[in-house]
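Listing of start_14.tsv; format and content: TSV, C-alpha atoms.
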chain	number	residue	atom	x	y	z
A	15	MET	CA	-24.80	-6.75	9.94
A	16	SER	CA	-26.29	-3.77	11.72
A	17	LEU	CA	-25.02	-0.29	10.95
A	18	PHE	CA	-23.52	0.17	14.40
A	19	GLN	CA	-21.70	-3.15	14.09
A	20	LEU	CA	-20.39	-2.13	10.68
A	21	PHE	CA	-19.13	1.16	12.10
A	22	ILE	CA	-17.27	-0.47	15.01
A	23	THR	CA	-15.87	-3.21	12.77
A	24	SER	CA	-14.54	-0.80	10.17
A	25	MET	CA	-13.10	1.51	12.81
A	26	LEU	CA	-11.55	-0.94	15.28
A	27	THR	CA	-11.39	-4.65	14.54
A	28	GLU	CA	-10.86	-4.30	10.80
A	29	ASN	CA	-8.97	-1.03	10.99
A	30	ILE	CA	-7.73	0.00	7.55
A	31	VAL	CA	-4.19	0.69	8.71
A	32	LEU	CA	-3.57	-2.21	11.05
A	33	THR	CA	-5.39	-5.06	9.31
A	34	LYS	CA	-5.74	-3.97	5.69
A	35	PHE	CA	-2.40	-2.13	5.45
A	36	LEU	CA	-3.84	0.87	3.63
A	37	GLY	CA	-2.21	4.26	4.09
A	38	ILE	CA	1.01	2.92	5.58
A	39	CYS	CA	3.18	5.64	4.01
A	40	PRO	CA	1.53	8.58	5.85
A	41	PHE	CA	1.19	6.35	8.91
A	42	ILE	CA	4.96	5.97	9.16
A	43	GLY	CA	5.82	9.32	7.57
A	44	THR	CA	3.66	11.97	9.21
A	45	SER	CA	3.13	10.47	12.64
A	46	LYS	CA	6.19	11.93	14.31
A	47	LYS	CA	4.33	14.91	15.78
A	48	GLU	CA	0.97	14.89	17.51
A	49	SER	CA	-0.32	18.01	15.72
A	50	GLY	CA	0.65	16.62	12.30
A	51	ALA	CA	-1.14	13.38	13.04
A	52	ILE	CA	-4.37	15.21	13.94
A	53	GLY	CA	-4.26	17.25	10.71
A	54	MET	CA	-3.59	14.19	8.60
A	55	GLY	CA	-6.31	12.19	10.33
A	56	ILE	CA	-8.99	14.84	9.80
A	57	SER	CA	-8.02	15.43	6.16
A	58	VAL	CA	-8.08	11.72	5.33
A	59	THR	CA	-11.47	11.25	7.00
A	60	VAL	CA	-13.03	14.14	5.07
A	61	VAL	CA	-11.55	13.04	1.74
A	62	ILE	CA	-12.53	9.39	2.25
A	63	VAL	CA	-16.17	10.24	3.00
A	64	LEU	CA	-16.50	12.79	0.18
A	65	SER	CA	-14.84	10.72	-2.51
A	66	SER	CA	-16.70	7.58	-1.38
A	67	ILE	CA	-20.01	9.33	-1.96
A	68	ILE	CA	-19.00	10.64	-5.38
A	69	THR	CA	-17.44	7.38	-6.60
A	70	TYR	CA	-20.34	5.32	-5.27
A	71	LEU	CA	-22.87	7.43	-7.20
A	72	LEU	CA	-20.77	7.46	-10.36
A	73	TYR	CA	-20.19	3.71	-10.18
A	74	ASN	CA	-23.83	2.78	-9.69
A	75	TYR	CA	-25.43	5.33	-12.00
A	76	VAL	CA	-22.85	5.66	-14.79
A	77	LEU	CA	-20.53	2.66	-14.94
A	78	VAL	CA	-23.02	-0.11	-14.14
A	79	PRO	CA	-25.75	0.96	-16.64
A	80	THR	CA	-23.19	1.45	-19.43
A	81	ASN	CA	-21.50	-1.87	-18.58
A	82	THR	CA	-18.03	-0.34	-18.20
A	83	THR	CA	-17.22	-1.37	-14.63
A	84	TYR	CA	-13.67	-2.32	-15.67
A	85	LEU	CA	-12.93	1.41	-15.82
A	86	LYS	CA	-13.51	1.81	-12.09
A	87	THR	CA	-9.85	2.11	-11.01
A	88	LEU	CA	-9.19	4.78	-13.64
A	89	LEU	CA	-12.33	6.74	-12.78
A	90	PHE	CA	-11.79	6.50	-9.02
A	91	VAL	CA	-8.21	7.77	-9.25
A	92	LEU	CA	-9.41	10.76	-11.28
A	93	VAL	CA	-12.29	11.49	-8.90
A	94	ILE	CA	-10.08	11.34	-5.81
A	95	ALA	CA	-7.43	13.61	-7.33
A	96	SER	CA	-10.03	16.20	-8.36
A	97	THR	CA	-11.90	16.01	-5.04
A	98	VAL	CA	-8.66	16.75	-3.23
A	99	GLN	CA	-7.95	19.71	-5.53
A	100	LEU	CA	-11.45	21.08	-5.08
A	101	LEU	CA	-11.34	20.72	-1.31
A	102	GLU	CA	-7.99	22.46	-1.23
A	103	ARG	CA	-9.37	25.44	-3.16
A	104	ILE	CA	-12.47	25.71	-0.98
A	105	ILE	CA	-10.54	25.54	2.26
A	106	LYS	CA	-7.96	28.06	1.06
A	107	HIS	CA	-10.60	30.64	0.13
A	108	HIS	CA	-13.28	30.22	2.77
A	109	PHE	CA	-11.75	28.63	5.85
A	110	LYS	CA	-8.46	30.38	6.56
A	111	GLN	CA	-7.97	28.74	9.96
A	112	LEU	CA	-8.48	25.23	8.63
A	113	ASP	CA	-5.99	25.93	5.89
A	114	HIS	CA	-3.33	26.47	8.53
A	115	LEU	CA	-4.05	23.03	10.00
A	116	LEU	CA	-4.73	20.91	6.91
A	117	GLY	CA	-3.09	22.81	4.06
A	118	ILE	CA	0.09	20.80	3.70
A	119	PHE	CA	-1.58	17.40	4.05
A	120	LEU	CA	-4.28	17.65	1.41
A	121	PRO	CA	-2.03	17.36	-1.67
A	122	LEU	CA	-0.42	14.26	-0.18
A	123	ILE	CA	-3.74	12.46	0.07
A	124	ALA	CA	-4.35	12.40	-3.69
A	125	THR	CA	-2.15	9.32	-4.00
A	126	ASN	CA	-3.01	7.80	-0.64
A	127	CYS	CA	-4.03	4.18	-0.97
A	128	ALA	CA	-6.35	4.41	2.04
A	129	VAL	CA	-8.75	6.54	-0.02
A	130	LEU	CA	-8.65	4.47	-3.22
A	131	GLY	CA	-8.78	1.27	-1.16
A	132	THR	CA	-11.89	2.32	0.74
A	133	THR	CA	-13.73	3.45	-2.39
A	134	LEU	CA	-12.90	0.15	-4.11
A	135	LEU	CA	-13.99	-1.86	-1.06
A	136	ASN	CA	-17.28	0.05	-1.01
A	137	VAL	CA	-18.27	-1.15	-4.45
A	138	ASN	CA	-16.60	-4.59	-4.19
A	139	ASN	CA	-18.50	-5.42	-1.00
A	140	GLY	CA	-21.78	-4.28	-2.53
A	141	TYR	CA	-22.82	-1.87	0.23
A	142	SER	CA	-26.03	0.12	0.13
A	143	PHE	CA	-25.79	3.94	0.22
A	144	ILE	CA	-26.20	4.24	4.01
A	145	GLU	CA	-23.85	1.32	4.69
A	146	MET	CA	-21.30	2.90	2.36
A	147	ILE	CA	-21.35	6.19	4.31
A	148	VAL	CA	-21.06	4.39	7.65
A	149	PHE	CA	-18.23	2.20	6.39
A	150	SER	CA	-16.19	5.04	4.94
A	151	LEU	CA	-16.72	7.23	8.01
A	152	GLY	CA	-15.65	4.34	10.22
A	153	SER	CA	-12.57	3.69	8.09
A	154	GLY	CA	-11.56	7.34	8.11
A	155	LEU	CA	-12.04	7.72	11.85
A	156	GLY	CA	-10.18	4.47	12.40
A	157	PHE	CA	-7.25	5.88	10.45
A	158	ALA	CA	-7.35	9.11	12.46
A	159	LEU	CA	-7.54	7.25	15.77
A	160	VAL	CA	-4.65	4.92	15.01
A	161	ILE	CA	-2.38	7.62	13.60
A	162	TYR	CA	-3.06	9.81	16.67
A	163	ILE	CA	-2.31	7.04	19.18
A	164	PHE	CA	0.77	6.09	17.19
A	165	SER	CA	2.09	9.67	17.14
A	166	THR	CA	1.81	10.00	20.93
A	167	ILE	CA	3.73	6.74	21.35
A	168	ARG	CA	6.42	7.92	18.95
A	169	GLU	CA	6.82	11.25	20.73
A	170	ARG	CA	7.67	9.36	23.89
A	171	MET	CA	9.95	6.96	22.06
A	172	GLU	CA	12.19	9.89	21.11
A	173	PHE	CA	13.56	9.81	24.65
A	174	ALA	CA	13.75	6.05	25.00
A	175	ASN	CA	17.01	4.16	24.80
A	176	ILE	CA	16.65	2.17	21.57
A	177	PRO	CA	19.43	0.07	19.96
A	178	LYS	CA	20.94	2.00	17.08
A	179	CYS	CA	19.89	-0.38	14.31
A	180	PHE	CA	16.25	-0.28	15.50
A	181	LYS	CA	15.99	3.54	15.43
A	182	GLY	CA	13.41	5.13	13.13
A	183	ALA	CA	11.34	2.90	10.88
A	184	PRO	CA	12.12	-0.56	12.38
A	185	ILE	CA	10.95	0.30	15.89
A	186	ALA	CA	7.94	2.13	14.42
A	187	LEU	CA	6.93	-1.02	12.53
A	188	ILE	CA	7.37	-3.20	15.60
A	189	THR	CA	5.22	-0.78	17.62
A	190	ALA	CA	2.62	-0.99	14.85
A	191	SER	CA	2.77	-4.76	15.10
A	192	ILE	CA	1.94	-4.66	18.82
A	193	MET	CA	-0.88	-2.19	18.09
A	194	ALA	CA	-2.22	-4.54	15.43
A	195	LEU	CA	-2.36	-7.31	18.03
A	196	VAL	CA	-4.36	-5.06	20.33
A	197	PHE	CA	-6.78	-3.98	17.64
A	198	SER	CA	-7.42	-7.29	15.91
A	199	ARG	CA	-9.43	-10.10	17.40
A	200	PHE	CA	-6.24	-11.96	18.27
A	201	PHE	CA	-6.46	-11.85	22.05
B	13	MET	CA	24.20	-4.15	-15.34
B	14	LYS	CA	25.16	-1.40	-12.92
B	15	THR	CA	21.67	0.14	-13.10
B	16	ILE	CA	20.05	-3.22	-12.35
B	17	LYS	CA	22.35	-3.86	-9.39
B	18	ASN	CA	21.62	-0.37	-8.11
B	19	GLY	CA	17.86	-1.14	-8.15
B	20	ILE	CA	18.32	-4.40	-6.26
B	21	PHE	CA	20.80	-3.29	-3.59
B	22	ASN	CA	21.50	0.44	-3.23
B	23	GLU	CA	17.97	1.60	-4.04
B	24	ASN	CA	15.99	-1.44	-2.98
B	25	PRO	CA	12.41	-0.13	-2.92
B	26	THR	CA	11.35	-1.99	0.22
B	27	PHE	CA	14.37	-1.98	2.51
B	28	VAL	CA	16.13	1.24	1.48
B	29	LEU	CA	13.61	3.62	-0.11
B	30	MET	CA	10.66	2.24	1.93
B	31	LEU	CA	8.17	2.90	-0.85
B	32	GLY	CA	5.06	0.93	-1.69
B	33	LEU	CA	4.67	-0.63	1.71
B	34	CYS	CA	0.94	-1.44	1.41
B	35	PRO	CA	1.32	-4.45	-0.93
B	36	THR	CA	4.57	-5.39	0.79
B	37	LEU	CA	2.75	-5.98	4.04
B	38	ALA	CA	-0.55	-7.22	2.67
B	39	VAL	CA	0.30	-9.97	0.20
B	40	THR	CA	3.37	-11.50	1.81
B	41	ASN	CA	1.51	-14.10	3.88
B	42	THR	CA	2.26	-16.64	1.17
B	43	PHE	CA	5.37	-16.96	-0.99
B	44	GLU	CA	3.23	-17.20	-4.12
B	45	GLY	CA	1.28	-14.01	-3.46
B	46	ALA	CA	4.53	-12.21	-2.74
B	47	TYR	CA	6.39	-13.08	-5.91
B	48	VAL	CA	3.36	-12.68	-8.17
B	49	MET	CA	2.75	-9.19	-6.73
B	50	GLY	CA	6.44	-8.42	-7.33
B	51	LEU	CA	6.19	-9.54	-10.94
B	52	CYS	CA	3.01	-7.47	-11.44
B	53	VAL	CA	4.79	-4.34	-10.20
B	54	LEU	CA	7.76	-5.21	-12.44
B	55	THR	CA	5.45	-5.43	-15.47
B	56	VAL	CA	3.69	-2.16	-14.68
B	57	LEU	CA	7.06	-0.45	-14.13
B	58	LEU	CA	8.35	-1.72	-17.47
B	59	ILE	CA	5.28	-0.56	-19.39
B	60	THR	CA	5.05	2.89	-17.78
B	61	ASN	CA	8.79	3.62	-17.83
B	62	PHE	CA	8.90	2.63	-21.51
B	63	ILE	CA	5.95	4.81	-22.53
B	64	VAL	CA	6.97	7.75	-20.35
B	65	SER	CA	10.52	7.80	-21.70
B	66	ILE	CA	9.18	7.80	-25.26
B	67	ILE	CA	6.62	10.58	-24.84
B	68	LYS	CA	8.49	12.67	-22.26
B	69	LYS	CA	9.04	15.56	-24.68
B	70	LEU	CA	5.37	15.75	-25.70
B	71	ILE	CA	4.02	16.36	-22.19
B	72	PRO	CA	3.99	19.91	-20.82
B	73	GLU	CA	5.64	20.25	-17.43
B	74	ASN	CA	2.51	21.29	-15.50
B	75	VAL	CA	0.31	18.33	-16.45
B	76	LYS	CA	3.09	15.77	-16.05
B	77	ILE	CA	1.81	14.09	-12.89
B	78	PRO	CA	-1.85	13.61	-13.97
B	79	VAL	CA	-0.76	12.17	-17.31
B	80	TYR	CA	1.61	9.73	-15.64
B	81	ILE	CA	-1.03	8.66	-13.14
B	82	LEU	CA	-3.47	7.97	-15.98
B	83	LEU	CA	-0.83	5.95	-17.84
B	84	ILE	CA	-0.03	3.87	-14.76
B	85	THR	CA	-3.70	3.25	-14.00
B	86	THR	CA	-4.33	2.11	-17.57
B	87	ALA	CA	-1.46	-0.38	-17.36
B	88	VAL	CA	-2.74	-1.64	-14.00
B	89	THR	CA	-6.28	-2.07	-15.31
B	90	ALA	CA	-5.02	-4.10	-18.28
B	91	LEU	CA	-2.98	-6.33	-15.96
B	92	ASP	CA	-5.93	-6.72	-13.62
B	93	LEU	CA	-8.18	-7.91	-16.47
B	94	LEU	CA	-5.51	-10.35	-17.73
B	95	LEU	CA	-5.04	-11.93	-14.30
B	96	LYS	CA	-8.80	-12.14	-13.80
B	97	GLN	CA	-9.10	-14.07	-17.06
B	98	TYR	CA	-6.19	-16.51	-16.66
B	99	VAL	CA	-5.64	-16.95	-12.91
B	100	PRO	CA	-8.97	-16.18	-11.20
B	101	ALA	CA	-7.99	-17.88	-7.91
B	102	LEU	CA	-4.92	-15.72	-7.50
B	103	HIS	CA	-6.82	-12.62	-8.61
B	104	GLU	CA	-9.14	-13.31	-5.71
B	105	THR	CA	-6.32	-13.54	-3.14
B	106	LEU	CA	-4.55	-10.39	-4.35
B	107	GLY	CA	-7.93	-8.61	-4.20
B	108	ILE	CA	-7.88	-4.83	-3.99
B	109	TYR	CA	-4.07	-4.73	-3.70
B	110	LEU	CA	-3.80	-5.27	-7.44
B	111	PRO	CA	-5.68	-2.09	-8.48
B	112	LEU	CA	-3.84	-0.32	-5.67
B	113	ILE	CA	-0.58	-0.60	-7.66
B	114	ALA	CA	-2.05	2.43	-9.45
B	115	VAL	CA	-1.31	4.65	-6.45
B	116	ASN	CA	1.88	2.85	-5.52
B	117	CYS	CA	4.58	5.43	-4.94
B	118	ILE	CA	7.34	3.30	-6.51
B	119	VAL	CA	5.84	3.40	-9.99
B	120	LEU	CA	5.06	7.12	-10.02
B	121	GLY	CA	8.38	7.84	-8.30
B	122	ARG	CA	10.42	6.04	-10.95
B	123	ALA	CA	8.41	7.62	-13.78
B	124	LEU	CA	9.09	11.10	-12.38
B	125	SER	CA	12.67	10.72	-11.22
B	126	VAL	CA	14.10	8.43	-13.90
B	127	ALA	CA	11.94	7.84	-16.97
B	128	SER	CA	11.04	11.50	-17.54
B	129	VAL	CA	14.69	12.55	-17.71
B	130	SER	CA	16.57	9.64	-19.28
B	131	SER	CA	16.70	7.61	-22.49
B	132	VAL	CA	14.47	4.62	-23.32
B	133	GLY	CA	17.20	2.06	-22.67
B	134	LYS	CA	18.17	3.47	-19.32
B	135	SER	CA	14.55	3.72	-18.11
B	136	LEU	CA	13.90	0.10	-19.11
B	137	LEU	CA	17.00	-1.07	-17.23
B	138	ASP	CA	15.96	0.97	-14.22
B	139	ALA	CA	12.48	-0.59	-14.32
B	140	ILE	CA	14.01	-4.08	-14.42
B	141	GLY	CA	16.34	-3.28	-11.53
B	142	ILE	CA	13.74	-1.71	-9.27
B	143	GLY	CA	11.13	-4.34	-10.22
B	144	LEU	CA	13.52	-7.19	-9.46
B	145	GLY	CA	14.55	-5.55	-6.21
B	146	PHE	CA	10.90	-5.29	-5.21
B	147	THR	CA	10.18	-8.90	-6.25
B	148	LEU	CA	13.19	-10.24	-4.36
B	149	SER	CA	12.45	-8.39	-1.15
B	150	LEU	CA	8.78	-9.36	-1.27
B	151	SER	CA	9.69	-13.01	-1.88
B	152	LEU	CA	12.10	-12.92	1.06
B	153	LEU	CA	9.40	-11.56	3.36
B	154	GLY	CA	6.83	-14.00	1.93
B	155	LEU	CA	9.13	-16.98	2.41
B	156	PHE	CA	9.92	-15.99	5.99
B	157	ARG	CA	6.30	-15.41	6.92
B	158	GLU	CA	4.94	-18.51	5.25
B	159	VAL	CA	7.55	-20.93	6.58
B	160	LEU	CA	7.16	-19.70	10.15
B	161	GLY	CA	3.45	-18.99	10.01
B	162	ALA	CA	2.07	-21.95	8.07
B	163	ASN	CA	5.01	-24.39	7.80
B	164	THR	CA	4.60	-24.55	4.01
B	165	ILE	CA	6.11	-23.03	0.87
B	166	THR	CA	3.49	-22.33	-1.76
B	167	VAL	CA	5.24	-22.18	-5.12
B	168	MET	CA	2.22	-22.73	-7.36
B	169	ASP	CA	-1.30	-22.91	-6.04
B	170	GLY	CA	-3.44	-20.02	-7.27
B	171	ILE	CA	-1.59	-19.90	-10.60
B	172	SER	CA	-1.85	-23.68	-11.16
B	173	SER	CA	-4.91	-23.13	-13.34
B	174	PHE	CA	-2.57	-21.37	-15.78
B	175	THR	CA	0.72	-23.29	-15.49
B	176	GLY	CA	-0.79	-26.75	-14.96
B	177	TYR	CA	1.51	-27.54	-12.03
B	178	HIS	CA	0.60	-27.60	-8.40
B	179	ALA	CA	3.39	-27.24	-5.87
B	180	VAL	CA	2.94	-26.73	-2.14
B	181	PHE	CA	5.70	-28.07	0.10
B	182	GLN	CA	5.76	-28.76	3.78
B	183	VAL	CA	9.00	-27.59	5.38
B	184	PHE	CA	9.39	-29.09	8.82
B	185	PRO	CA	7.95	-32.38	10.13
B	186	GLU	CA	5.02	-32.06	12.53
B	187	ASN	CA	6.07	-30.29	15.73
B	188	SER	CA	4.68	-28.12	18.46
B	189	ILE	CA	6.56	-24.87	17.73
B	190	ILE	CA	5.88	-24.22	14.04
B	191	PRO	CA	3.43	-23.03	12.63
B	192	MET	CA	3.25	-19.85	14.67
B	193	THR	CA	0.07	-18.32	13.33
B	194	ILE	CA	1.03	-14.80	14.41
B	195	PHE	CA	3.25	-14.54	11.32
B	196	GLN	CA	0.20	-15.03	9.09
B	197	LYS	CA	-1.69	-12.25	10.87
B	198	PRO	CA	-1.31	-8.52	10.13
B	199	ALA	CA	0.75	-8.11	13.31
B	200	GLY	CA	3.27	-10.58	11.93
B	201	ALA	CA	3.63	-8.53	8.75
B	202	PHE	CA	4.65	-5.40	10.65
B	203	LEU	CA	6.93	-7.44	12.92
B	204	THR	CA	8.69	-9.23	10.05
B	205	LEU	CA	9.34	-6.04	8.08
B	206	GLY	CA	10.56	-4.25	11.23
B	207	LEU	CA	12.97	-7.06	12.09
B	208	PHE	CA	14.30	-7.28	8.54
B	209	LEU	CA	14.90	-3.51	8.41
B	210	ALA	CA	16.72	-3.63	11.73
B	211	PHE	CA	18.80	-6.55	10.47
B	212	PHE	CA	19.86	-4.69	7.32
B	213	ASN	CA	20.64	-1.58	9.37
B	214	TYR	CA	22.81	-3.73	11.63
B	215	ILE	CA	24.76	-5.10	8.65
B	216	LYS	CA	25.21	-1.58	7.27
B	217	GLU	CA	26.50	-0.39	10.63
B	218	LYS	CA	28.99	-3.26	10.86
B	219	ARG	CA	30.26	-2.52	7.35
B	220	GLY	CA	30.56	1.19	8.11
B	221	ALA	CA	32.56	0.37	11.25
B	222	ALA	CA	34.85	-1.99	9.32
B	223	LYS	CA	35.67	0.72	6.82

Would you kindly transcribe this structure into structure tokens?
Amino acid sequence: MSLFQLFITSMLTENIVLTKFLGICPFIGTSKKESGAIGMGISVTVVIVLSSIITYLLYNYVLVPTNTTYLKTLLFVLVIASTVQLLERIIKHHFKQLDHLLGIFLPLIATNCAVLGTTLLNVNNGYSFIEMIVFSLGSGLGFALVIYIFSTIRERMEFANIPKCFKGAPIALITASIMALVFSRFF
Amino acid sequence: MKTIKNGIFNENPTFVLMLGLCPTLAVTNTFEGAYVMGLCVLTVLLITNFIVSIIKKLIPENVKIPVYILLITTAVTALDLLLKQYVPALHETLGIYLPLIAVNCIVLGRALSVASVSSVGKSLLDAIGIGLGFTLSLSLLGLFREVLGANTITVMDGISSFTGYHAVFQVFPENSIIPMTIFQKPAGAFLTLGLFLAFFNYIKEKRGAAK
């Protein structure tokens, strides 16, 4: 598979939210406002790419030679949590404007399954270094794209006349279902 | 008894709290995957709630969350290795959703809100209640999706290497309406959960009106 193909696949047709169900909690939770969705999307993309690089290197140069690959979940969780912390510190001290946009979302990402899922998929699928970066960038951007589109739909839905029992999460899930049809290869 | 009932009905993790939705949507395309995932979460909940409630006084307040996450991940890794050894076919179908229990908000949520403040007995009961609630709601979704989407009920297929039985039933005779493959696709997962949530909201509304 060429790199461009891999990028498009990971971003659109095998979107992490709509076909792999990763990161559903922030998808439903923080997508009520357009601005919130943008902040969340950017933060997730940055964290996915950064922690993918770190976990990929650690996995291939520490865990594989020492034959302790069964520790990968434990190690990855630790790496992601500390990457998020580090990023939070850096942004707070050096990029004041970014802090305003991303500050509240970063701590939430530490336990986001989209990040752990992507890092695990990277090593399970046996990607090379370049492929890994393309795949994780595609996944992150796919997440950002879907959460942004979803938030604009939800903002309009506020004014729609929805049956009472469908208000909130149920109609959001049904909207997501229609979006999944659009994004997958089920035409 | 009351704690267990509370976990199944009033605080049902899927339909009321809406926590841990990733595995809920991902593994419910067969009945088997659904209930096995439920039982896995139940096991992890039992182990972590038990350990957390024992050592809760030893852990300083400010490192509580990292310690709990490490505990949960260790339990998940052990479970992952066990399943890989005994039921490799099922381990394959559950795939990355098994290690993802580690970042499942139900487990960490229960450890923080219940196990770190209550006695060993109460935390164990809570784990059983929430775990059973999760298993039941996943099985319900799995049954619905598999019957409509594949016209079968898989009771034992991937785990037959361990139990020695093989049980896959066909539900309806051959017809042109069922299977509707959309229920096996990701879109069907979102649709099913959305419809179920709306249905439970409707019942709640009716009950509220009756009172």

Notebook entry, point to check: Can you tell me how far atom CA of Lys96 of chain B sits from atom CA of Asn81 of chain A, in Å to one decimal?
Noted result: 17.0 Å

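One distance worth recording is that between atom CA of Lys178 of chain A and atom CA of Tyr214 of chain B, which is 8.1 Å.
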
Taking only C-alpha atoms into account, produce a table as CSV in which each residue of segment 38-94 of chain B with an atom at most 8 Å from an atom of segment 116-126 of chain B appears once, together with its shortest atom pair and the distance in Å to one decimal, ordered by chain and rising number.
residue,atom,partner,partner_atom,distance
B:Val53,CA,B:Val119,CA,7.8
B:Val56,CA,B:Val119,CA,7.6
B:Leu57,CA,B:Val119,CA,5.8
B:Thr60,CA,B:Ala123,CA,7.0
B:Asn61,CA,B:Ala123,CA,5.7
B:Val64,CA,B:Ala123,CA,6.7
B:Ile77,CA,B:Leu124,CA,7.9
B:Tyr80,CA,B:Leu120,CA,7.1
B:Ile81,CA,B:Leu120,CA,7.0
B:Ile84,CA,B:Val119,CA,7.6

Next item on the list: Check every residue of chain A for an atom within 6 Å of chain B, counting only C-alpha atoms, and provide those that qualify as a PyMOL selection string.
Entry: chain A and resi 33+35-36+88+125+179-180+184+187-188+191+194-195

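Nearest residue to Met146 of chain A among A:Ser66, A:Ser57, A:Gln19, A:Ser165 is A:Ser66, counting only C-alpha atoms.
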
Next item on the list: Please determine the residues with any atom at most 6 Å from (-5.1, 6.1, 2.0) (coordinates as given in the file, with all atoms listed in the file counting) and report them as a VMD selection string.
Entry: chain A and resid 36 to 37 126 to 129

Margin query: Just to confirm, what's the straight-line distance from atom CA of Leu144 of chain B to atom CA of Leu29 of chain B in Å (one decimal)?
Written below: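 A separation of 14.3 Å between them.
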
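Distance check against Phe90 of chain A using only C-alpha atoms: of A:Gln111, A:Ile56, A:Leu122, A:Thr132, the minimum falls on A:Thr132.
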
Note to self: Within 10 Å of (11.8, -5.5, -1.1) (file coordinates; only C-alpha atoms), which protein or nucleic acid residues are there? I'd like them as a ChimeraX atom specification.
What the structure shows: /B:20-21,23-33,36,50,142-153,205

File of the preceding selection, C-alpha atoms, as a compact mmCIF listing (two decimals), in the coordinates of the input:
# COMPACT_ATOMS: atom_id res chain seq x y z
CA ILE B 20 18.32 -4.40 -6.26
CA PHE B 21 20.80 -3.29 -3.59
CA GLU B 23 17.97 1.60 -4.04
CA ASN B 24 15.99 -1.44 -2.98
CA PRO B 25 12.41 -0.13 -2.92
CA THR B 26 11.35 -1.99 0.22
CA PHE B 27 14.37 -1.98 2.51
CA VAL B 28 16.13 1.24 1.48
CA LEU B 29 13.61 3.62 -0.11
CA MET B 30 10.66 2.24 1.93
CA LEU B 31 8.17 2.90 -0.85
CA GLY B 32 5.06 0.93 -1.69
CA LEU B 33 4.67 -0.63 1.71
CA THR B 36 4.57 -5.39 0.79
CA GLY B 50 6.44 -8.42 -7.33
CA ILE B 142 13.74 -1.71 -9.27
CA GLY B 143 11.13 -4.34 -10.22
CA LEU B 144 13.52 -7.19 -9.46
CA GLY B 145 14.55 -5.55 -6.21
CA PHE B 146 10.90 -5.29 -5.21
CA THR B 147 10.18 -8.90 -6.25
CA LEU B 148 13.19 -10.24 -4.36
CA SER B 149 12.45 -8.39 -1.15
CA LEU B 150 8.78 -9.36 -1.27
CA SER B 151 9.69 -13.01 -1.88
CA LEU B 152 12.10 -12.92 1.06
CA LEU B 153 9.40 -11.56 3.36
CA LEU B 205 9.34 -6.04 8.08

Note to self: I need the residue nearest Leu159 of chain A from this list: A:Thr87, A:Gln99, A:Asn29, A:Asn139. Use all atoms listed in the file for the distance.
What the structure shows: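 Ranked by minimum distance to Leu159 of chain A, first place goes to A:Asn29.
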
Close residues, Pro191 of chain B itself excluded, 9 Å, only C-alpha atoms, min 6 positions apart in chain, as a PDB file with C-alpha atoms, keeping the file's coordinate frame:
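Generated output (selection.pdb):
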ATOM      1  CA  GLU B 158       4.940 -18.510   5.250  1.00  0.00           C
ATOM      2  CA  VAL B 159       7.550 -20.930   6.580  1.00  0.00           C
ATOM      3  CA  LEU B 160       7.160 -19.700  10.150  1.00  0.00           C
ATOM      4  CA  GLY B 161       3.450 -18.990  10.010  1.00  0.00           C
ATOM      5  CA  ALA B 162       2.070 -21.950   8.070  1.00  0.00           C
ATOM      6  CA  ASN B 163       5.010 -24.390   7.800  1.00  0.00           C
ATOM      7  CA  THR B 164       4.600 -24.550   4.010  1.00  0.00           C
TER       8      THR B 164
END

Check: Hey, which of B:Leu95, B:Val180, B:Leu155, B:Leu70 ends up closest to Leu110 of chain B? Count only C-alpha atoms.
Finding: B:Leu95

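The protein and nucleic acid residues lying at most 7 Å from Gly152 of chain A are A:Phe21, A:Ile22, A:Ser24, A:Met25, with all atoms listed in the file considered and sequence neighbours fewer than 6 positions away removed.
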
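Compared by their closest atoms to Leu32 of chain A, and using only C-alpha atoms, the residues A:Leu130, A:Val61, A:Val196, A:Ile123 rank with A:Val196 nearest.
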
Next item on the list: Determine the nearest neighbour of Gly53 of chain A from the options A:Met171, A:Val160, A:Phe119, A:Ile176, counting only C-alpha atoms.
Entry: A:Phe119
